[in-house]
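Shown here: query07.txt, compact mmCIF, C-alpha atoms and all ligand atoms.
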# COMPACT_ATOMS: atom_id res chain seq x y z
CA MET A 42 202.49 -45.68 106.50
CA THR A 43 199.39 -45.19 108.60
CA ALA A 44 199.28 -42.14 110.86
CA LEU A 45 198.24 -43.32 114.33
CA LEU A 46 198.51 -39.94 116.03
CA GLU A 47 198.16 -36.50 114.51
CA VAL A 48 198.71 -33.29 116.42
CA GLU A 49 197.38 -30.23 114.62
CA ARG A 50 198.47 -26.72 115.59
CA LEU A 51 198.33 -27.48 119.29
CA SER A 52 198.73 -24.51 121.64
CA VAL A 53 198.88 -24.48 125.43
CA ALA A 54 199.07 -21.42 127.66
CA PHE A 55 199.76 -21.20 131.40
CA GLY A 56 198.56 -17.75 132.39
CA GLY A 57 200.53 -15.43 130.16
CA LEU A 58 203.10 -18.06 129.19
CA ALA A 59 202.76 -19.66 125.75
CA ALA A 60 204.12 -23.12 126.66
CA LEU A 61 203.22 -24.55 123.22
CA SER A 62 202.48 -22.59 120.06
CA GLU A 63 200.82 -24.27 117.09
CA VAL A 64 202.79 -27.49 117.31
CA CYS A 65 202.17 -30.05 114.55
CA LEU A 66 203.30 -33.66 114.68
CA THR A 67 202.43 -36.97 113.06
CA LEU A 68 203.30 -40.37 114.48
CA ALA A 69 203.26 -43.17 111.94
CA GLU A 70 202.77 -46.84 112.72
CA GLY A 71 206.06 -48.63 113.37
CA THR A 72 208.22 -45.55 113.86
CA VAL A 73 210.13 -43.84 116.65
CA THR A 74 209.79 -40.06 116.77
CA ALA A 75 211.90 -38.07 119.20
CA VAL A 76 211.09 -34.68 120.68
CA ILE A 77 214.14 -32.77 121.84
CA GLY A 78 214.71 -29.25 123.09
CA PRO A 79 216.19 -27.34 126.01
CA ASN A 80 214.72 -27.34 129.53
CA GLY A 81 211.37 -25.59 129.53
CA ALA A 82 210.93 -25.99 125.76
CA GLY A 83 207.48 -27.55 126.23
CA LYS A 84 208.27 -31.24 125.71
CA THR A 85 206.40 -32.53 128.76
CA THR A 86 203.60 -30.06 128.10
CA LEU A 87 203.24 -31.57 124.63
CA LEU A 88 202.86 -35.06 126.14
CA ASN A 89 200.43 -33.70 128.75
CA ALA A 90 198.31 -31.99 126.12
CA ILE A 91 198.23 -35.10 123.91
CA THR A 92 197.28 -37.40 126.80
CA GLY A 93 194.61 -35.18 128.35
CA TYR A 94 196.51 -34.06 131.47
CA VAL A 95 196.60 -30.47 130.24
CA ARG A 96 193.81 -28.80 128.29
CA PRO A 97 195.01 -27.25 125.03
CA GLN A 98 194.01 -23.68 124.27
CA SER A 99 193.56 -24.54 120.60
CA GLY A 100 194.46 -27.20 118.09
CA ARG A 101 193.52 -30.86 117.73
CA VAL A 102 194.77 -34.27 118.79
CA ILE A 103 193.63 -37.10 116.53
CA ILE A 104 194.06 -40.81 117.20
CA GLU A 105 193.46 -43.09 114.23
CA GLY A 106 191.29 -40.50 112.55
CA ARG A 107 189.17 -39.57 115.59
CA ALA A 108 189.60 -36.33 117.50
CA VAL A 109 190.31 -36.83 121.21
CA THR A 110 191.12 -33.21 122.07
CA GLY A 111 189.94 -32.24 125.54
CA LEU A 112 188.96 -35.78 126.61
CA PRO A 113 190.14 -36.92 130.06
CA PRO A 114 193.28 -39.08 130.28
CA PHE A 115 191.45 -42.38 130.83
CA ALA A 116 189.32 -41.86 127.73
CA ILE A 117 192.37 -41.08 125.62
CA ALA A 118 194.24 -44.08 127.04
CA ARG A 119 191.30 -46.25 126.03
CA ARG A 120 191.89 -45.28 122.40
CA GLY A 121 195.17 -47.18 122.51
CA LEU A 122 197.62 -44.64 123.86
CA ARG A 123 199.82 -45.08 126.94
CA ARG A 124 202.60 -42.96 128.46
CA THR A 125 205.28 -42.89 131.11
CA PHE A 126 206.06 -39.89 133.33
CA GLN A 127 209.24 -37.83 133.55
CA ASN A 128 209.72 -38.40 137.26
CA GLY A 129 207.42 -41.39 137.43
CA GLY A 130 209.46 -44.41 138.24
CA ALA A 131 208.36 -47.73 139.52
CA PHE A 132 206.44 -48.15 142.76
CA ASN A 133 209.36 -49.14 144.94
CA ASP A 134 207.69 -51.26 147.58
CA MET A 135 205.70 -53.30 145.11
CA SER A 136 207.06 -56.32 143.32
CA VAL A 137 207.95 -56.09 139.65
CA LEU A 138 204.91 -58.19 138.77
CA GLU A 139 202.56 -55.97 140.81
CA ASN A 140 204.06 -52.92 139.12
CA ILE A 141 203.29 -54.34 135.70
CA LEU A 142 199.75 -55.37 136.66
CA LEU A 143 198.94 -51.74 137.49
CA GLY A 144 198.98 -51.22 133.75
CA ALA A 145 196.12 -53.62 133.19
CA ASP A 146 192.91 -52.25 131.73
CA LYS A 147 190.04 -51.73 134.09
CA ALA A 148 188.50 -54.77 132.46
CA LEU A 149 191.53 -56.82 133.42
CA ARG A 150 191.90 -55.26 136.84
CA SER A 151 188.31 -55.66 137.94
CA PRO A 152 188.76 -59.44 138.34
CA PHE A 153 190.75 -58.71 141.49
CA PHE A 154 187.59 -57.26 142.98
CA GLY A 155 185.72 -60.11 141.38
CA ILE A 156 187.82 -62.56 143.37
CA LEU A 157 187.15 -60.58 146.53
CA PHE A 158 183.42 -60.92 145.98
CA GLY A 159 183.65 -64.42 144.61
CA PHE A 160 182.47 -63.70 141.05
CA PRO A 161 182.89 -66.72 138.80
CA GLY A 162 185.42 -66.33 136.01
CA ALA A 163 187.47 -63.87 138.03
CA ARG A 164 190.33 -66.25 138.70
CA ARG A 165 190.70 -67.15 135.06
CA ALA A 166 190.91 -63.48 134.10
CA GLU A 167 193.45 -62.88 136.84
CA ARG A 168 195.59 -65.78 135.68
CA GLN A 169 195.43 -64.37 132.16
CA ALA A 170 196.59 -60.92 133.33
CA VAL A 171 199.47 -62.43 135.29
CA ALA A 172 200.50 -64.58 132.31
CA GLU A 173 200.47 -61.50 130.08
CA ALA A 174 202.55 -59.56 132.60
CA ARG A 175 205.11 -62.38 132.77
CA ALA A 176 205.32 -62.56 128.99
CA MET A 177 205.83 -58.80 128.87
CA LEU A 178 208.71 -59.07 131.34
CA ALA A 179 210.32 -61.83 129.34
CA ARG A 180 210.17 -59.66 126.23
CA ALA A 181 211.74 -56.77 128.13
CA GLY A 182 214.59 -59.08 129.19
CA ILE A 183 213.71 -58.96 132.90
CA ARG A 184 212.54 -62.52 133.35
CA GLY A 185 213.12 -64.05 136.79
CA LEU A 186 212.68 -60.80 138.71
CA GLU A 187 208.89 -60.97 139.03
CA GLU A 188 208.87 -61.15 142.83
CA THR A 189 211.72 -58.66 143.36
CA ARG A 190 210.83 -55.29 144.95
CA ALA A 191 211.15 -52.55 142.33
CA ARG A 192 213.57 -50.61 144.55
CA GLU A 193 216.13 -53.42 144.24
CA LEU A 194 216.32 -53.05 140.46
CA SER A 195 218.84 -50.96 138.55
CA PHE A 196 217.62 -47.68 137.02
CA GLY A 197 217.59 -49.33 133.63
CA GLN A 198 215.49 -52.24 134.83
CA GLN A 199 213.05 -49.82 136.52
CA ARG A 200 212.61 -47.99 133.22
CA LEU A 201 211.91 -51.27 131.45
CA VAL A 202 209.33 -52.11 134.14
CA GLU A 203 207.58 -48.76 133.57
CA ILE A 204 207.56 -49.33 129.85
CA SER A 205 206.25 -52.87 130.31
CA ARG A 206 203.47 -51.51 132.54
CA ALA A 207 202.52 -49.03 129.81
CA LEU A 208 202.53 -51.84 127.25
CA LEU A 209 200.37 -54.30 129.19
CA SER A 210 197.15 -53.03 127.65
CA ARG A 211 198.71 -53.38 124.17
CA PRO A 212 198.61 -49.72 123.13
CA ARG A 213 199.33 -48.78 119.52
CA ILE A 214 200.90 -45.49 120.64
CA LEU A 215 203.50 -45.19 123.40
CA LEU A 216 204.78 -41.86 124.74
CA LEU A 217 207.92 -41.81 126.91
CA ASP A 218 209.17 -38.79 128.87
CA GLU A 219 212.97 -38.94 129.25
CA PRO A 220 213.32 -42.67 129.84
CA ALA A 221 217.14 -42.61 129.56
CA VAL A 222 217.80 -40.35 132.56
CA GLY A 223 220.24 -42.04 134.92
CA LEU A 224 220.88 -45.01 132.65
CA SER A 225 224.35 -46.42 132.00
CA GLU A 226 225.59 -46.71 128.44
CA SER A 227 224.74 -50.41 128.24
CA GLU A 228 221.28 -49.74 129.68
CA ARG A 229 220.74 -47.06 127.04
CA GLU A 230 221.66 -49.58 124.40
CA GLU A 231 219.11 -52.03 125.84
CA LEU A 232 216.51 -49.27 125.78
CA ARG A 233 217.39 -48.46 122.16
CA GLN A 234 216.91 -52.09 121.17
CA ARG A 235 213.63 -52.31 123.08
CA LEU A 236 212.25 -49.20 121.34
CA ARG A 237 213.30 -50.45 117.90
CA GLY A 238 211.66 -53.77 118.76
CA LEU A 239 208.40 -52.02 119.62
CA ALA A 240 208.49 -50.06 116.38
CA GLY A 241 209.07 -53.39 114.63
CA GLU A 242 205.78 -54.59 116.13
CA GLY A 243 204.01 -51.61 114.58
CA ILE A 244 203.79 -49.39 117.66
CA ALA A 245 204.22 -45.63 117.17
CA VAL A 246 206.72 -44.44 119.78
CA LEU A 247 207.13 -40.82 120.84
CA LEU A 248 210.32 -40.32 122.80
CA VAL A 249 211.02 -37.12 124.73
CA GLU A 250 214.71 -37.24 125.41
CA HIS A 251 217.76 -35.20 126.36
CA VAL A 252 220.31 -37.87 125.52
CA VAL A 253 221.25 -36.83 121.99
CA ASP A 254 223.22 -39.98 121.11
CA LEU A 255 220.20 -42.15 121.89
CA VAL A 256 217.90 -39.87 119.91
CA MET A 257 220.15 -39.98 116.87
CA ALA A 258 220.54 -43.76 117.08
CA VAL A 259 216.91 -44.74 117.65
CA SER A 260 214.71 -42.20 115.85
CA ASP A 261 213.15 -42.20 112.42
CA ARG A 262 212.18 -38.56 112.86
CA VAL A 263 213.11 -35.80 115.25
CA LEU A 264 211.11 -32.74 116.26
CA VAL A 265 213.00 -29.90 117.90
CA LEU A 266 211.06 -27.65 120.26
CA ASN A 267 212.29 -24.30 121.50
CA SER A 268 210.21 -21.97 123.67
CA GLY A 269 207.08 -23.93 122.75
CA GLN A 270 207.62 -23.69 119.01
CA VAL A 271 208.77 -26.23 116.43
CA LEU A 272 212.26 -25.13 115.51
CA ALA A 273 212.94 -28.00 113.11
CA ALA A 274 211.59 -31.41 112.11
CA GLY A 275 213.10 -34.12 109.95
CA THR A 276 215.34 -37.15 109.97
CA PRO A 277 218.08 -37.23 112.62
CA LEU A 278 220.62 -36.29 109.93
CA GLU A 279 218.56 -33.35 108.67
CA VAL A 280 217.98 -32.03 112.15
CA ARG A 281 221.58 -32.52 113.21
CA SER A 282 222.81 -30.28 110.40
CA ASP A 283 220.10 -27.60 110.72
CA PRO A 284 221.86 -24.32 111.59
CA ALA A 285 218.98 -23.10 113.78
CA VAL A 286 219.12 -26.32 115.79
CA LEU A 287 222.88 -26.21 116.15
CA GLU A 288 222.63 -22.72 117.52
CA ALA A 289 219.69 -23.28 119.86
CA TYR A 290 220.39 -26.73 121.17
CA LEU A 291 222.83 -29.23 119.78
CA GLY A 292 225.65 -26.72 119.64
CA SER A 293 225.63 -26.48 123.38
CA ALA A 294 225.29 -30.24 123.93
N1 LIG A 301 201.28 -26.80 135.13
C1 LIG A 301 202.02 -25.75 134.77
N2 LIG A 301 201.69 -24.50 135.20
C2 LIG A 301 202.40 -23.42 134.82
N3 LIG A 301 203.49 -23.47 134.02
C3 LIG A 301 203.87 -24.68 133.58
C4 LIG A 301 203.18 -25.88 133.92
N4 LIG A 301 203.78 -26.93 133.32
C5 LIG A 301 204.82 -26.40 132.63
N5 LIG A 301 204.87 -25.07 132.78
C6 LIG A 301 205.84 -24.17 132.12
O1 LIG A 301 205.77 -24.42 130.72
C7 LIG A 301 207.06 -24.38 130.12
C8 LIG A 301 207.34 -25.73 129.48
O2 LIG A 301 207.52 -26.70 130.49
P1 LIG A 301 207.75 -28.23 130.17
O3 LIG A 301 207.75 -28.96 131.46
O4 LIG A 301 206.80 -28.68 129.13
O5 LIG A 301 209.23 -28.23 129.56
P2 LIG A 301 210.17 -29.45 129.15
O6 LIG A 301 210.59 -29.20 127.76
O7 LIG A 301 209.51 -30.72 129.46
O8 LIG A 301 211.42 -29.21 130.12
P3 LIG A 301 212.41 -30.29 130.83
O9 LIG A 301 213.44 -30.62 129.80
O10 LIG A 301 212.99 -29.51 131.95
O11 LIG A 301 211.60 -31.45 131.28
C9 LIG A 301 208.03 -24.04 131.25
O12 LIG A 301 208.24 -22.63 131.21
C10 LIG A 301 207.29 -24.46 132.50
O13 LIG A 301 207.70 -23.71 133.60
MG MG A 302 209.91 -32.28 130.71

Go ahead and express the file in the form of structure tokens.
Ligand SMILES: Nc1ncnc2c1ncn2[C@@H]1O[C@H](COP(=O)(O)OP(=O)(O)OP(=O)(O)O)[C@@H](O)[C@H]1O
Ligand SMILES: [Mg+2]
Amino acid sequence: MTALLEVERLSVAFGGLAALSEVCLTLAEGTVTAVIGPNGAGKTTLLNAITGYVRPQSGRVIIEGRAVTGLPPFAIARRGLRRTFQNGGAFNDMSVLENILLGADKALRSPFFGILFGFPGARRAERQAVAEARAMLARAGIRGLEETRARELSFGQQRLVEISRALLSRPRILLLDEPAVGLSESEREELRQRLRGLAGEGIAVLLVEHVVDLVMAVSDRVLVLNSGQVLAAGTPLEVRSDPAVLEAYLGSA
């Protein structure tokens, strides 16, 4: 299996606080990897350091063999990596379709300005972007809601909209920060199926998640963080039976 993302001994400090200490992680093509750990363990910091929102103190982030450590978020995104945010959510007053189109590459988005200034070819590019967005919605199972305001959707549908937005530029790597928060059991099941479907298309998914049942059901590998350090890594079964993990995290879940 090809490694799409490699994280080598990544450390992040906030003042005197070691938020991440020498964390290593590999995301292979077509797999779902979960990162779990208690509040404050460093899960979001890991996503932030990978995606360029936080500057690592040391260590390397490598996408398809090329180091991207320290690059700004847009430059890292351009290498085929997209993310969602922990408290992100959909833009409530925009329609579902508009929400998805925000995920378009600059190259796809610029046609909107092109139309404004009457550049030829702009309309065709716009139609293409809209067609892609509609296809993405159909694949996420939210067909027919294109013109609905995001605030009228269920939590689960909003999560699927965010994920569809992240997918619009066809990333090879997708990072999700607690997408199952507030979802019903059936919505979690839909999310599980969606994530497995994405892995089936070859995407490497990194899932930060508190919902242990979902993690166990969807992941190929699990990384357990505690106080910024890797406490355990392995298959869901291996991690579930690791005594250190039971004590630090799962035991209390
Ligand atoms: N920008 C920042 N400045 C200072 N400290 C920060 C910053 N971001 C995170 N921290 C601290 O780093 C540690 C890790 O935080 P982080 O948000 O990564 O945890 P988490 O595992 O995502 O937690 P949660 O499950 O609550 O989302 C915490 O002690 C947090 O207070
Ligand atoms: Mg977090």

Output the neighbourhood of ligand MG 302 (chain A) as a PyMOL selection string, that is, all protein and nucleic acid residues with some atom at most 10 Å from the ligand, counting only C-alpha atoms and all ligand atoms.
chain A and resi 77-89+126-128+218-219+249-251

What's around range 273-285 of chain A at 10 Å? Count only C-alpha atoms, leave out sequence neighbours fewer than 2 positions away in its own chain, and write the answer as a VMD selection string.
chain A and resid 65 to 66 74 to 76 253 256 to 267 270 to 271 287 to 292

Report, in Å to a single decimal, how far apart CA of Gly93 in chain A and CA of Leu112 in chain A are.
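Going from CA of Leu112 in chain A over to CA of Gly93 in chain A, I get 5.9 Å.
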
Can you pull out every residue within 10 Å of Leu46 in chain A, counting all atoms listed in the file, but drop anything in the same chain fewer than 4 positions away, and send it as a PDB file with C-alpha atoms, keeping the file's coordinate frame?
ATOM      1  CA  LEU A  66     203.300 -33.660 114.680  1.00  0.00           C
ATOM      2  CA  THR A  67     202.430 -36.970 113.060  1.00  0.00           C
ATOM      3  CA  LEU A  68     203.300 -40.370 114.480  1.00  0.00           C
ATOM      4  CA  ALA A  69     203.260 -43.170 111.940  1.00  0.00           C
ATOM      5  CA  GLU A  70     202.770 -46.840 112.720  1.00  0.00           C
ATOM      6  CA  ILE A  91     198.230 -35.100 123.910  1.00  0.00           C
ATOM      7  CA  VAL A 102     194.770 -34.270 118.790  1.00  0.00           C
ATOM      8  CA  ILE A 103     193.630 -37.100 116.530  1.00  0.00           C
ATOM      9  CA  ILE A 104     194.060 -40.810 117.200  1.00  0.00           C
ATOM     10  CA  GLU A 105     193.460 -43.090 114.230  1.00  0.00           C
ATOM     11  CA  GLY A 106     191.290 -40.500 112.550  1.00  0.00           C
ATOM     12  CA  ARG A 107     189.170 -39.570 115.590  1.00  0.00           C
ATOM     13  CA  ALA A 108     189.600 -36.330 117.500  1.00  0.00           C
ATOM     14  CA  LEU A 122     197.620 -44.640 123.860  1.00  0.00           C
ATOM     15  CA  ARG A 213     199.330 -48.780 119.520  1.00  0.00           C
ATOM     16  CA  ILE A 214     200.900 -45.490 120.640  1.00  0.00           C
ATOM     17  CA  ALA A 245     204.220 -45.630 117.170  1.00  0.00           C
ATOM     18  CA  LEU A 247     207.130 -40.820 120.840  1.00  0.00           C
TER      19      LEU A 247
END

Could you give me the centre and size, in Å to one decimal, of an axis-aligned box around all listed atoms of ligand LIG 301 (chain A) with 4 Å added on every side, as JSON?
{"center_x": 207.4, "center_y": -27.0, "center_z": 131.5, "size_x": 20.2, "size_y": 16.8, "size_z": 15.4}

Closest to ligand LIG 301 (chain A) among A:Ile183, A:Leu217, A:Leu209, A:Ala116, using only C-alpha atoms and all ligand atoms?
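Smallest separation from ligand LIG 301 (chain A) among the options: A:Leu217.
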
Residue with the minimum atom-to-atom distance to Phe132 in chain A, picked from A:Ala181, A:Val202, A:Val171, A:Leu186 with all atoms listed in the file counted, is A:Val202

Do you know which residues are at most 10 Å from Arg229 in chain A counting all atoms listed in the file, after dropping those on the same chain fewer than 5 positions away, and could you put them as a ChimeraX atom specification?
/A:197,220-224,234-235,252,254-255

Please report the interatomic distance between atom C6 of ligand LIG 301 (chain A) and CA of Arg50 in chain A in Å with one decimal.
18.3 Å

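Take the candidates A:Ala54, A:Met42, A:Leu232, A:Leu216 and check each one against ligand LIG 301 (chain A) using all atoms listed in the file; the shortest distance goes to A:Ala54.
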
Between CA of Ser268 in chain A and CA of Ser62 in chain A, what is the distance in Å, rounded to a tenth?
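Between these atoms lies a distance of 8.6 Å.
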
For a cutoff of 12 Å around the file-coordinate point (205.1, -55.7, 143.9), which residues qualify once you count only C-alpha atoms? I'd like the result as a PyMOL selection string.
chain A and resi 131-143+186-193+202

Pick out the closest residue to ligand LIG 301 (chain A) from this set: A:Ala176, A:Ile204, A:Leu248, A:Ala166. Count only C-alpha atoms and all ligand atoms.
A:Leu248
